[in-house]
Amino acid sequence: MVQGTLHVLLVSAKGLDDADFLGNMDPYAILTCRSQEQKSSIASGAGNEPEWNETFVFTVSDSTTDLIIKLFDKDTFSSDDFVGETKILLDTVFAEGNLPPTVYNVVKDQEYRGEIKVGLTFTPSEDRSLDFGEEEFGGWKQSSRE
């Protein structure tokens with residue numbers, strides 16, 4: 001049974017489809033892991049190659065299968081523009097424990113819209129149900145004679 005903490009390092013993006021006609025994009029990300037949602041800072045004026053270097057922490061279990069990252073362009077006078085998204089399957093990080101920053105495609109309407117670099121670390125929770133101390137389980141203290 002998989003249970004623990006997922007640390008997501010949102011590093012950067014590049015080649016994003018620029019949603020602004022005037023000026024540079026102000027991109028941010030919304031990270032969703034099951035019902036947990038977190039928002040990155042806005043990379044103001046960063047254009048289509050933002051850098052965040054932010055870490056997000058999620059509590060995960062065996063029913064958690066993926067992490068979805070949606071990228072938006074912050075707009076002042078209108079609603080924010082959806083740039084694209086990536087879906088990262090978590091089974092590899094559950095097995096390996098750590099994935100160094102890796103590049104994933106950002107897609108919108110099934111078309112390539114750039115790429116995003118993300119690092120993942122999974123730390124399993126300790127299972128205390130099998131954690132016996134020497135006094136509780138027996139062992140050399142009870143079997144030795146004085």
# chains A, B, ... in the order shown; residues from 1 in each chain; ligands from 1
>>> select_by_dssp(residues="segment 21-142 of chain A", states="strand (DSSP E or B)", output="ChimeraX atom specification")
/A:27-33,36-39,51-61,66-73,81-89,98-108,111-124
>>> closest_atom_pairs(of="segment 4-99 of chain A", to="segment 107-115 of chain A", cutoff="10 Å", atoms="only C-alpha atoms", output="Markdown table")
| residue | atom | partner | partner_atom | distance |
| --- | --- | --- | --- | --- |
| A:Ser12 | CA | A:Glu115 | CA | 8.7 |
| A:Ala13 | CA | A:Glu115 | CA | 5.6 |
| A:Lys14 | CA | A:Glu115 | CA | 5.6 |
| A:Gly15 | CA | A:Gly114 | CA | 4.5 |
| A:Leu16 | CA | A:Gly114 | CA | 4.3 |
| A:Asp17 | CA | A:Arg113 | CA | 5.2 |
| A:Asp18 | CA | A:Arg113 | CA | 9.0 |
| A:Asn48 | CA | A:Gly114 | CA | 8.5 |
| A:Glu49 | CA | A:Gly114 | CA | 9.4 |
| A:Lys70 | CA | A:Val107 | CA | 9.4 |
| A:Leu71 | CA | A:Val107 | CA | 9.8 |
| A:Phe82 | CA | A:Lys108 | CA | 8.4 |
| A:Val83 | CA | A:Lys108 | CA | 7.0 |
| A:Gly84 | CA | A:Lys108 | CA | 4.6 |
| A:Glu85 | CA | A:Val107 | CA | 5.4 |
| A:Thr86 | CA | A:Val107 | CA | 6.4 |
| A:Lys87 | CA | A:Val107 | CA | 9.4 |
>>> residues_around(residues="segment 33-40 of chain A", least_positions_apart="5", cutoff="7 Å", atoms="only C-alpha atoms", output="list in words")
Tyr28, Thr64, Asp66, Leu67 and Ile68 of chain A
>>> write_last_selection(atoms="C-alpha atoms", output="JSON list (two decimals), in the first residue's frame")
[["chain", "number", "residue", "atom", "x", "y", "z"],
["A", 28, "TYR", "CA", 1.65, 30.54, -13.14],
["A", 64, "THR", "CA", -3.33, 8.62, -6.20],
["A", 66, "ASP", "CA", -1.17, 11.17, -11.29],
["A", 67, "LEU", "CA", -0.24, 14.81, -10.85],
["A", 68, "ILE", "CA", -1.79, 17.38, -13.18]]
>>> closest_residue(among="A:Ala29, A:Ser125, A:Ile42, A:Leu9", to="Asp75 of chain A", atoms="only C-alpha atoms")
A:Ile42
>>> atom_distance(atom1="atom CA of Gly97 of chain A", atom2="atom CA of Ile30 of chain A")
23.1 Å
>>> closest_residue(among="A:Val60, A:Met25, A:Val93, A:Ile69", to="Ala46 of chain A", atoms="only C-alpha atoms")
A:Met25
>>> closest_residue(among="A:Thr32, A:Asn24, A:Thr76, A:Asn98", to="Pro50 of chain A", atoms="only C-alpha atoms")
A:Asn24
>>> residues_around(residues="Val2 of chain A", least_positions_apart="2", cutoff="7 Å", atoms="only C-alpha atoms", output="list in words")
Gly4, Ser61 and Asp62 of chain A
>>> write_last_selection(atoms="N, CA and C atoms", output="mmCIF file, in the first residue's frame")
data_model
loop_
_atom_site.group_PDB
_atom_site.id
_atom_site.type_symbol
_atom_site.label_atom_id
_atom_site.label_comp_id
_atom_site.auth_asym_id
_atom_site.auth_seq_id
_atom_site.Cartn_x
_atom_site.Cartn_y
_atom_site.Cartn_z
ATOM 1 N N GLY A 4 2.196 8.278 1.699
ATOM 2 C CA GLY A 4 3.321 9.115 2.075
ATOM 3 C C GLY A 4 3.184 10.536 1.588
ATOM 4 N N SER A 61 -1.753 8.575 -1.432
ATOM 5 C CA SER A 61 -2.032 7.193 -1.044
ATOM 6 C C SER A 61 -2.095 6.346 -2.300
ATOM 7 N N ASP A 62 -2.405 5.066 -2.140
ATOM 8 C CA ASP A 62 -2.400 4.163 -3.284
ATOM 9 C C ASP A 62 -3.460 4.504 -4.329
#
>>> closest_residue(among="A:Val57, A:Asp26, A:Pro101, A:Val118", to="Thr5 of chain A", atoms="only C-alpha atoms")
A:Val57
>>> select_by_dssp(residues="chain A", states="alpha helix (DSSP H)", output="VMD selection string")
chain A and resid 91 to 96 134 to 137 140 to 143
>>> write_last_selection(atoms="all heavy atoms", output="CSV table (one decimal), in the first residue's frame")
chain,number,residue,atom,x,y,z
A,91,ASP,N,3.5,6.3,-10.7
A,91,ASP,CA,3.9,5.0,-10.4
A,91,ASP,C,5.4,4.8,-10.4
A,91,ASP,O,6.0,4.2,-9.5
A,91,ASP,CB,3.3,3.9,-11.3
A,91,ASP,CG,3.4,4.2,-12.8
A,91,ASP,OD1,3.9,5.3,-13.1
A,91,ASP,OD2,3.1,3.3,-13.6
A,92,THR,N,6.1,5.5,-11.2
A,92,THR,CA,7.6,5.5,-11.3
A,92,THR,C,8.2,6.1,-10.0
A,92,THR,O,9.1,5.5,-9.4
A,92,THR,CB,8.2,6.1,-12.5
A,92,THR,OG1,7.6,5.5,-13.7
A,92,THR,CG2,9.7,6.0,-12.6
A,93,VAL,N,7.7,7.3,-9.6
A,93,VAL,CA,8.3,7.9,-8.4
A,93,VAL,C,7.9,7.1,-7.2
A,93,VAL,O,8.7,7.1,-6.2
A,93,VAL,CB,7.9,9.4,-8.3
A,93,VAL,CG1,6.4,9.5,-7.9
A,93,VAL,CG2,8.8,10.1,-7.3
A,94,PHE,N,6.8,6.4,-7.1
A,94,PHE,CA,6.5,5.6,-6.0
A,94,PHE,C,7.5,4.4,-5.9
A,94,PHE,O,7.9,4.0,-4.8
A,94,PHE,CB,5.0,5.0,-6.1
A,94,PHE,CG,4.0,6.0,-5.9
A,94,PHE,CD1,2.7,5.8,-6.4
A,94,PHE,CD2,4.2,7.2,-5.2
A,94,PHE,CE1,1.7,6.8,-6.3
A,94,PHE,CE2,3.2,8.2,-5.0
A,94,PHE,CZ,1.9,7.9,-5.6
A,95,ALA,N,7.9,3.9,-7.0
A,95,ALA,CA,8.8,2.7,-7.1
A,95,ALA,C,10.2,3.2,-6.8
A,95,ALA,O,11.0,2.5,-6.1
A,95,ALA,CB,8.7,2.0,-8.4
A,96,GLU,N,10.6,4.3,-7.4
A,96,GLU,CA,12.0,4.8,-7.4
A,96,GLU,C,12.3,5.6,-6.1
A,96,GLU,O,13.4,5.7,-5.7
A,96,GLU,CB,12.4,5.5,-8.6
A,96,GLU,CG,12.3,4.8,-9.9
A,96,GLU,CD,13.3,3.7,-10.0
A,96,GLU,OE1,14.5,3.9,-9.6
A,96,GLU,OE2,13.0,2.6,-10.6
A,134,GLU,N,12.0,-3.8,21.5
A,134,GLU,CA,12.5,-5.1,22.1
A,134,GLU,C,11.8,-5.5,23.3
A,134,GLU,O,11.7,-6.7,23.6
A,134,GLU,CB,14.0,-4.9,22.3
A,134,GLU,CG,14.4,-3.9,23.3
A,134,GLU,CD,15.9,-3.7,23.5
A,134,GLU,OE1,16.6,-4.0,22.5
A,134,GLU,OE2,16.3,-3.3,24.6
A,135,GLU,N,11.2,-4.6,24.1
A,135,GLU,CA,10.5,-5.0,25.3
A,135,GLU,C,9.2,-5.6,25.0
A,135,GLU,O,8.7,-6.5,25.7
A,135,GLU,CB,10.3,-3.8,26.2
A,135,GLU,CG,11.5,-3.2,26.9
A,135,GLU,CD,12.3,-2.3,26.0
A,135,GLU,OE1,11.7,-1.8,25.0
A,135,GLU,OE2,13.5,-2.0,26.3
A,136,GLU,N,8.5,-5.2,23.9
A,136,GLU,CA,7.2,-5.7,23.5
A,136,GLU,C,7.3,-7.0,22.8
A,136,GLU,O,6.3,-7.8,22.9
A,136,GLU,CB,6.5,-4.6,22.6
A,136,GLU,CG,6.4,-3.3,23.2
A,136,GLU,CD,6.1,-2.2,22.1
A,136,GLU,OE1,5.4,-2.6,21.1
A,136,GLU,OE2,6.5,-1.1,22.3
A,137,PHE,N,8.3,-7.3,22.1
A,137,PHE,CA,8.4,-8.5,21.3
A,137,PHE,C,9.1,-9.6,21.9
A,137,PHE,O,9.0,-10.8,21.5
A,137,PHE,CB,9.0,-8.1,19.9
A,137,PHE,CG,8.9,-9.2,18.9
A,137,PHE,CD1,7.7,-9.6,18.4
A,137,PHE,CD2,10.0,-9.8,18.4
A,137,PHE,CE1,7.6,-10.6,17.4
A,137,PHE,CE2,10.0,-10.8,17.5
A,137,PHE,CZ,8.8,-11.2,17.0
A,140,TRP,N,16.5,-10.8,23.3
A,140,TRP,CA,17.6,-11.2,24.2
A,140,TRP,C,17.4,-10.8,25.6
A,140,TRP,O,17.9,-11.4,26.5
A,140,TRP,CB,18.9,-10.6,23.6
A,140,TRP,CG,19.0,-9.1,23.7
A,140,TRP,CD1,18.7,-8.2,22.8
A,140,TRP,CD2,19.5,-8.3,24.8
A,140,TRP,NE1,18.9,-6.9,23.2
A,140,TRP,CE2,19.4,-6.9,24.4
A,140,TRP,CE3,20.1,-8.6,26.0
A,140,TRP,CZ2,19.8,-5.9,25.3
A,140,TRP,CZ3,20.5,-7.6,26.9
A,140,TRP,CH2,20.3,-6.3,26.5
A,141,LYS,N,16.7,-9.7,25.9
A,141,LYS,CA,16.5,-9.3,27.3
A,141,LYS,C,15.7,-10.4,28.1
A,141,LYS,O,16.0,-10.6,29.2
A,141,LYS,CB,15.7,-8.0,27.4
A,141,LYS,CG,16.6,-6.8,27.2
A,141,LYS,CD,15.9,-5.5,27.6
A,141,LYS,CE,16.8,-4.3,27.5
A,141,LYS,NZ,16.2,-3.1,28.0
A,142,GLN,N,14.7,-11.0,27.5
A,142,GLN,CA,13.9,-12.0,28.2
A,142,GLN,C,14.6,-13.4,28.2
A,142,GLN,O,14.3,-14.2,29.0
A,142,GLN,CB,12.5,-12.1,27.5
A,142,GLN,CG,11.7,-10.8,27.8
A,142,GLN,CD,10.4,-10.8,27.1
A,142,GLN,OE1,10.2,-11.6,26.2
A,142,GLN,NE2,9.5,-9.9,27.5
A,143,SER,N,15.5,-13.6,27.2
A,143,SER,CA,16.0,-15.0,27.2
A,143,SER,C,17.4,-15.1,27.9
A,143,SER,O,17.8,-16.2,28.1
A,143,SER,CB,16.2,-15.4,25.7
A,143,SER,OG,17.1,-14.5,25.1
>>> atom_distance(atom1="atom CA of Leu89 of chain A", atom2="atom CA of Ala43 of chain A")
25.6 Å
>>> atom_distance(atom1="atom CA of Asp80 of chain A", atom2="atom CA of Leu120 of chain A")
27.2 Å
